[in-house]
Structures are given as C-alpha cells and as structure tokens.
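S.K.: Compact mmCIF, C-alpha atoms and all ligand atoms, file my_file14.txt:
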```
# COMPACT_ATOMS: atom_id res chain seq x y z
CA MET K 27 30.95 -35.42 42.06
CA ARG K 28 27.62 -33.84 42.83
CA ARG K 29 29.24 -30.36 43.10
CA LEU K 30 30.91 -30.89 39.73
CA PHE K 31 27.54 -31.74 38.27
CA VAL K 32 26.11 -28.41 39.59
CA TYR K 33 29.05 -26.43 38.15
CA PHE K 34 28.48 -28.19 34.87
CA TRP K 35 24.86 -26.97 34.76
CA ILE K 36 25.83 -23.41 35.79
CA ILE K 37 28.31 -23.25 32.90
CA ILE K 38 25.78 -24.71 30.44
CA LEU K 39 23.01 -22.27 31.47
CA ALA K 40 25.33 -19.23 31.43
CA GLY K 41 26.56 -20.21 27.97
CA CYS K 42 23.13 -20.76 26.56
CA CYS K 43 21.23 -17.77 27.85
CA GLY K 44 23.70 -15.05 28.88
CA LYS K 45 22.50 -12.18 31.12
CA PRO K 46 18.82 -11.22 31.14
CA GLY K 47 18.13 -8.89 28.21
CA GLN K 48 20.94 -10.41 26.15
CA ILE K 49 19.91 -12.41 23.13
CA ASP K 50 22.31 -14.98 21.76
CA ARG K 51 22.54 -14.53 17.99
CA GLY K 52 25.03 -17.31 17.44
CA ALA K 53 28.37 -15.55 16.94
CA TYR K 54 27.47 -12.52 19.12
CA LEU K 55 25.08 -11.27 21.81
CA ALA K 56 22.57 -8.40 21.43
CA ASP K 57 22.01 -6.51 24.70
CA SER K 58 18.62 -4.77 24.95
CA THR K 59 18.68 -3.88 28.65
CA VAL K 60 18.79 -0.12 27.82
CA SER K 61 16.49 1.18 25.06
CA SER K 62 16.14 4.62 23.43
CA ASN K 63 13.32 7.12 23.99
CA SER K 64 13.54 8.17 20.34
CA GLN K 65 11.45 5.63 18.49
CA ASP K 66 8.03 5.22 16.94
CA GLU K 67 6.06 2.72 14.90
CA ARG K 68 7.16 1.99 11.33
CA ILE K 69 3.50 1.40 10.41
CA ARG K 70 1.69 4.73 9.82
CA PHE K 71 -0.93 3.90 7.20
CA LEU K 72 -3.68 1.37 6.61
CA VAL K 73 -4.50 0.81 2.93
CA MET K 74 -7.75 -0.72 1.65
CA HIS K 75 -7.96 -2.56 -1.67
CA TYR K 76 -10.27 -4.74 -3.69
CA THR K 77 -8.81 -7.68 -5.55
CA ALA K 78 -10.84 -7.41 -8.82
CA ALA K 79 -10.95 -11.23 -8.82
CA ASP K 80 -12.93 -14.05 -7.19
CA ASP K 81 -11.85 -15.82 -3.98
CA GLN K 82 -9.74 -18.54 -5.54
CA GLU K 83 -8.01 -16.27 -8.05
CA SER K 84 -7.41 -13.58 -5.41
CA LEU K 85 -5.63 -16.07 -3.17
CA ARG K 86 -3.57 -17.36 -6.08
CA LEU K 87 -2.53 -13.87 -7.25
CA LEU K 88 -1.62 -12.73 -3.73
CA THR K 89 0.43 -15.79 -2.89
CA GLU K 90 2.01 -16.84 -6.19
CA GLY K 91 2.27 -13.56 -8.10
CA GLN K 92 4.40 -10.43 -7.69
CA VAL K 93 1.80 -8.81 -5.44
CA SER K 94 0.74 -9.49 -1.86
CA ALA K 95 -1.05 -7.99 1.11
CA HIS K 96 -0.92 -8.57 4.83
CA TYR K 97 -4.56 -9.65 4.93
CA LEU K 98 -7.13 -11.06 2.55
CA VAL K 99 -10.84 -10.87 3.37
CA HIS K 100 -12.83 -13.44 1.40
CA SER K 101 -16.23 -12.75 -0.16
CA SER K 102 -17.96 -14.76 2.60
CA PRO K 103 -15.43 -15.09 5.43
CA GLU K 104 -15.28 -18.50 7.09
CA ILE K 105 -16.63 -18.62 10.66
CA ASN K 106 -14.68 -20.66 13.18
CA ARG K 107 -15.62 -20.88 16.87
CA GLY K 108 -18.16 -18.14 16.21
CA LYS K 109 -15.52 -15.75 14.81
CA PRO K 110 -14.87 -14.60 11.25
CA VAL K 111 -11.52 -15.63 9.81
CA ALA K 112 -9.20 -13.14 8.05
CA ARG K 113 -6.47 -14.74 6.00
CA GLN K 114 -3.01 -13.39 6.92
CA LEU K 115 -0.60 -13.80 4.00
CA VAL K 116 2.28 -11.60 5.20
CA ALA K 117 3.40 -10.92 8.79
CA GLU K 118 2.76 -7.27 9.77
CA GLU K 119 6.46 -6.66 10.48
CA LYS K 120 7.28 -7.65 6.89
CA ARG K 121 6.63 -5.48 3.83
CA ALA K 122 3.77 -6.67 1.63
CA TRP K 123 3.73 -5.59 -2.03
CA HIS K 124 0.30 -4.00 -2.27
CA ALA K 125 0.72 -0.25 -2.81
CA GLY K 126 3.25 0.02 -5.65
CA GLU K 127 4.37 3.54 -6.59
CA SER K 128 2.43 5.63 -4.10
CA HIS K 129 2.37 8.90 -2.19
CA TRP K 130 0.61 10.20 0.90
CA GLN K 131 1.34 13.11 3.20
CA GLY K 132 4.72 13.75 1.56
CA ARG K 133 5.83 10.13 1.84
CA ASN K 134 6.53 7.78 -1.05
CA ASN K 135 6.58 3.98 -1.35
CA ILE K 136 3.77 3.42 1.11
CA ASN K 137 4.56 -0.34 1.21
CA ASP K 138 7.37 0.60 3.63
CA THR K 139 5.05 2.12 6.21
CA SER K 140 1.66 0.46 5.85
CA VAL K 141 -0.49 -2.57 6.45
CA GLY K 142 -2.55 -3.60 3.41
CA ILE K 143 -5.95 -5.27 3.42
CA GLU K 144 -7.21 -6.85 0.19
CA ILE K 145 -10.95 -7.48 -0.03
CA VAL K 146 -12.39 -9.92 -2.54
CA ASN K 147 -14.63 -7.92 -4.88
CA LEU K 148 -14.83 -7.95 -8.67
CA GLY K 149 -14.51 -4.17 -8.94
CA PHE K 150 -16.60 -2.91 -11.86
CA ARG K 151 -17.95 -3.85 -15.25
CA GLU K 152 -18.04 -1.46 -18.20
CA GLU K 153 -21.52 -0.82 -19.51
CA ALA K 154 -23.03 1.59 -22.01
CA GLY K 155 -23.76 4.13 -19.27
CA GLY K 156 -20.27 3.82 -17.73
CA LYS K 157 -18.86 1.69 -14.93
CA THR K 158 -21.12 -0.40 -12.70
CA TRP K 159 -19.45 -1.20 -9.41
CA TYR K 160 -19.97 -4.41 -7.46
CA PRO K 161 -21.15 -4.10 -3.84
CA PHE K 162 -19.31 -5.54 -0.84
CA ASN K 163 -20.97 -8.14 1.40
CA GLU K 164 -22.12 -7.17 4.89
CA ASP K 165 -20.08 -9.92 6.58
CA GLN K 166 -16.98 -8.87 4.63
CA ILE K 167 -17.33 -5.31 5.87
CA GLU K 168 -17.94 -6.56 9.40
CA LEU K 169 -14.62 -8.45 9.30
CA VAL K 170 -12.81 -5.49 7.67
CA ALA K 171 -14.09 -3.31 10.54
CA LEU K 172 -12.83 -5.73 13.21
CA LEU K 173 -9.46 -6.10 11.50
CA ALA K 174 -9.02 -2.38 10.80
CA ARG K 175 -9.96 -1.33 14.31
CA ASP K 176 -7.42 -3.72 15.79
CA ILE K 177 -4.60 -2.59 13.46
CA ILE K 178 -5.40 1.12 13.94
CA HIS K 179 -5.38 0.66 17.72
CA ARG K 180 -2.13 -1.33 17.84
CA TYR K 181 -0.14 1.16 15.70
CA GLY K 182 -1.94 4.37 16.67
CA ILE K 183 -2.84 5.12 13.02
CA SER K 184 -4.58 8.50 12.68
CA PRO K 185 -8.00 8.66 10.90
CA ALA K 186 -6.70 10.51 7.83
CA ASN K 187 -4.02 7.86 7.37
CA VAL K 188 -6.60 5.13 6.76
CA VAL K 189 -6.68 5.33 2.97
CA ALA K 190 -7.82 3.76 -0.28
CA HIS K 191 -5.30 2.45 -2.79
CA SER K 192 -6.81 5.06 -5.14
CA ASP K 193 -5.98 7.83 -2.63
CA ILE K 194 -2.26 7.01 -2.68
CA ALA K 195 -2.04 6.13 -6.41
CA PRO K 196 -4.86 8.10 -8.11
CA LEU K 197 -3.31 7.93 -11.58
CA ARG K 198 -3.20 4.14 -11.59
CA LYS K 199 -5.83 2.78 -9.21
CA ASN K 200 -9.60 2.75 -8.55
CA ASP K 201 -9.81 0.41 -5.62
CA PRO K 202 -11.59 -0.19 -3.32
CA GLY K 203 -14.00 1.96 -5.41
CA PRO K 204 -17.00 4.16 -4.65
CA ARG K 205 -19.06 1.36 -3.06
CA PHE K 206 -16.61 0.83 -0.24
CA PRO K 207 -18.52 2.05 2.85
CA TRP K 208 -16.10 4.65 4.22
CA ARG K 209 -18.86 6.60 5.95
CA GLN K 210 -20.26 3.48 7.66
CA LEU K 211 -16.73 2.60 8.89
CA ALA K 212 -16.03 6.16 10.07
CA LEU K 213 -19.21 6.00 12.18
CA ARG K 214 -17.56 3.02 13.90
CA GLY K 215 -14.38 5.00 14.54
CA ILE K 216 -12.43 3.73 11.52
CA GLY K 217 -10.92 6.37 9.23
CA ALA K 218 -11.87 9.98 8.56
CA TRP K 219 -15.19 11.65 7.77
CA PRO K 220 -16.07 15.35 7.67
CA ASP K 221 -18.61 16.91 10.05
CA ARG K 222 -21.81 17.88 8.26
CA GLU K 223 -22.01 21.37 9.86
CA SER K 224 -18.45 22.11 8.79
CA VAL K 225 -19.21 21.07 5.18
CA GLU K 226 -22.33 23.29 5.19
CA ARG K 227 -20.31 26.23 6.52
CA HIS K 228 -17.67 25.85 3.79
CA LEU K 229 -20.38 25.39 1.16
CA ALA K 230 -21.74 28.80 2.23
CA GLY K 231 -25.06 28.46 0.43
CA ARG K 232 -23.61 27.45 -2.96
CA ALA K 233 -25.23 24.64 -4.99
CA HIS K 234 -23.27 21.36 -4.75
CA GLY K 235 -22.45 21.30 -8.45
CA GLU K 236 -21.40 24.94 -8.75
CA PRO K 237 -17.90 25.32 -10.24
CA ALA K 238 -15.23 25.92 -7.59
CA PRO K 239 -11.71 27.36 -7.79
CA VAL K 240 -9.36 24.55 -8.81
CA ALA K 241 -6.40 26.08 -6.96
CA LYS K 242 -8.27 26.00 -3.64
CA ILE K 243 -9.23 22.31 -4.08
CA GLN K 244 -5.68 21.40 -5.14
CA GLN K 245 -4.28 23.14 -2.07
CA ALA K 246 -6.76 21.42 0.29
CA LEU K 247 -6.20 17.95 -1.20
CA ALA K 248 -2.41 18.38 -1.08
CA ARG K 249 -2.64 19.43 2.55
CA TYR K 250 -4.87 16.45 3.32
CA GLY K 251 -2.39 13.98 1.80
CA TYR K 252 -2.90 13.62 -1.95
CA SER K 253 -0.18 13.97 -4.53
CA ILE K 254 -1.81 16.58 -6.82
CA PRO K 255 -0.46 19.42 -9.01
CA GLU K 256 -0.85 22.91 -7.52
CA ASN K 257 -1.10 24.87 -10.78
CA GLY K 258 -4.73 26.04 -10.70
CA LEU K 259 -5.58 23.90 -13.75
CA ALA K 260 -8.18 21.13 -14.01
CA ASP K 261 -5.67 18.97 -15.90
CA ASP K 262 -5.76 15.17 -16.12
CA LYS K 263 -3.67 14.56 -12.97
CA THR K 264 -5.80 16.99 -10.98
CA ARG K 265 -9.09 15.49 -12.14
CA ARG K 266 -7.92 11.98 -11.27
CA ALA K 267 -6.88 13.02 -7.78
CA ILE K 268 -10.23 14.80 -7.32
CA SER K 269 -12.03 11.69 -8.57
CA ALA K 270 -10.13 9.53 -6.04
CA PHE K 271 -11.10 11.99 -3.32
CA GLN K 272 -14.74 11.86 -4.45
CA MET K 273 -14.71 8.02 -4.47
CA HIS K 274 -13.73 8.19 -0.82
CA PHE K 275 -15.85 11.09 0.44
CA ARG K 276 -18.56 11.86 -2.16
CA PRO K 277 -19.27 8.60 -4.00
CA GLU K 278 -22.50 9.86 -5.66
CA ASP K 279 -20.46 11.82 -8.23
CA ILE K 280 -16.89 10.75 -8.97
CA SER K 281 -16.46 12.60 -12.25
CA GLY K 282 -13.39 14.49 -11.00
CA THR K 283 -15.08 17.85 -11.63
CA PRO K 284 -13.91 20.56 -9.21
CA ASP K 285 -17.26 21.60 -7.73
CA ALA K 286 -18.37 23.48 -4.61
CA GLN K 287 -19.35 20.40 -2.60
CA THR K 288 -15.96 18.78 -3.24
CA GLU K 289 -14.23 21.96 -2.11
CA ALA K 290 -16.39 22.17 1.04
CA ILE K 291 -15.72 18.53 1.98
CA ALA K 292 -11.98 18.98 1.41
CA MET K 293 -11.89 22.15 3.53
CA ALA K 294 -13.88 20.45 6.32
CA LEU K 295 -11.47 17.48 6.34
CA VAL K 296 -8.37 19.68 6.43
CA GLU K 297 -9.86 21.70 9.26
CA LYS K 298 -10.70 18.56 11.24
CA TYR K 299 -7.59 16.44 10.65
CA ARG K 300 -4.75 18.56 9.28
CA SER K 301 -4.78 21.88 11.08
ZN ZN K 401 -5.08 -2.10 -4.72
```
Could you quickly redo this structure as structure tokens?
Ligand SMILES: [Zn+2]

M.R.:
Amino acid sequence: MRRLFVYFWIIILAGCCGKPGQIDRGAYLADSTVSSNSQDERIRFLVMHYTAADDQESLRLLTEGQVSAHYLVHSSPEINRGKPVARQLVAEEKRAWHAGESHWQGRNNINDTSVGIEIVNLGFREEAGGKTWYPFNEDQIELVALLARDIIHRYGISPANVVAHSDIAPLRKNDPGPRFPWRQLALRGIGAWPDRESVERHLAGRAHGEPAPVAKIQQALARYGYSIPENGLADDKTRRAISAFQMHFRPEDISGTPDAQTEAIAMALVEKYRS
C-alpha cells in the first residue's frame, strides 16, 4: 500500500513537471535545455518623451487612450521607503505605443525595439516672441536618471541610441524639448554628448553662426541616426531634422539653420559614436 502511494506520487510529479528545462504548456512541452548562440536583445533604443499634460491627465491618456509608455515619471515623484517611485504602465517585454511612425539608424517603427519613458511636463506655450518651454523638476530628472541607467545597463543600449521622440520623428514631434537636460544626463553616463575639443577642432576657427554646407550636415546626421534628405538643400524636412538635432545637442538655438557649430557638433558625434 505504501509502495503504491510512492508510485502514485512519482507519476503525479513526472506528469506535472516533466524533465528539467521542459515547460508544460498544456497540450505540449517546450524543451529549453539547449539554447542558440545567435541571439541578442530586442530592446535597442531608449526614447524620452514629455506628456504635454498634467499628472492626472497624463496618467489617463497613457492608460485609457491609444497611446502608452513603459514608464511614467510624475511631476513630483512619490517617495516610498526613501526611494522615488516610477510608474510602470507596460511590461518591458511588451510593446508600448509611444513612438508612432519613427526612424533611427535605418530602423523603422521604433516601438518594436525600444523602451519609452514619458515625463510629465506641459511642453511649451506660444507667446509673441515664440515658444516658451517649461522646465523639468530636479527630482523628476533624478528619477529619470536612475531609471534610464538601469534600463541602459540591462539591455546594453549604446549612448547614441538613447534618443528624444523628436530625434526619431522630427517632422511630427518636439518632445522632450530643448529644456530636457541631455548634457547633465550624459555627464552621469546616460546618452551621448560630444567632446568639447573635438567640436572645436571641427569648428576650425569659424564663428558658431557661420553658414555651413547643408550636404555635410545632412550626411553627418544621417550617419548618426536621423532620417533626413541627402539632397544638399535646406528644405523643410532638413530644417526640422536639424532643429531636432539642435534641441538635443545645442538647445540655445533650435532654429534649424545649418550653421558651423551644428556641423561641428554633428561631426564630433559621428566621430565618437559612429565610426
Ligand atoms: Zn513623445
């Protein structure tokens, strides 16, 4: 009787769990005891956004609307057990709908290959002198830095693949705007930033605002990752891509004008990250 009881348990356990490395999926087993060398992470990019809405509305839009992001950073993140709280709305292994039609480094539909962080910020207001952009809060940026560093580390995301929504969709998007502190984050090891000496070398004594050859800027931005025409013309698409680039790397002047400083920064970035 006792032996029967033992057999009973052996049969039950074998039926329920199979061999080690075999997962019971109901009607079949999946055996993962041998895995392939040829694999890498699906996640290659980290995309920063602002929500252009307040906390409550941002949460509503990102949970009830046709848009989403993996993370939402509130205007004043809650502190729990001494740690700031990031709201996770979508699991990282799922696609969030944050990038829309987008391009970077020859890839399209960046939703497929990215993690998206939405940051609560109202964006800008239109005034007589042009757009006035709202600043980010220090504690927001602190949490963005912690979150970004962790994601970058876990997926091995390269610095030039930490991007703004405006970088990957320059014809449609402005966010996270020129007040997003890319330089401050780069100093903490998050994202790309050009070396000052390299920029000076490429500037070669020219004044910052001096006109620069459009073709050279187009070529450098395309090589860096932007979707930009390569026709040598300062047309609307080109100027918008240049403006997106300036919002990221030269926020003092985001007019989209192809000038010498823009060219020098672009060349320095290509040299550092894409050669
Ligand atoms: Zn966005």

S.K.: Could you list, as number ranges by chain, all the residues within 12 Å of ligand ZN 401 (chain K), counting only C-alpha atoms and all ligand atoms?

M.R.: K: 72-79, 84, 88, 93-95, 98, 122-128, 136-137, 142-147, 149, 189-196, 198-203

S.K.: Work out how far atom CA of K:Asn187 is from atom CA of K:Leu169, in Å to one decimal.

M.R.: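 So the answer is 19.5 Å.
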
S.K.: Distance atom CA of K:Pro284-atom CA of K:Pro207, one decimal place?

M.R.: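 Separation between atom CA of K:Pro284 and atom CA of K:Pro207: 22.6 Å.
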
S.K.: Please provide as a count of residues only all residues within 8 Å of K:Ile216, with the sequence filter that same-chain residues fewer than 6 positions apart are discarded (counting all atoms listed in the file).

M.R.: 6
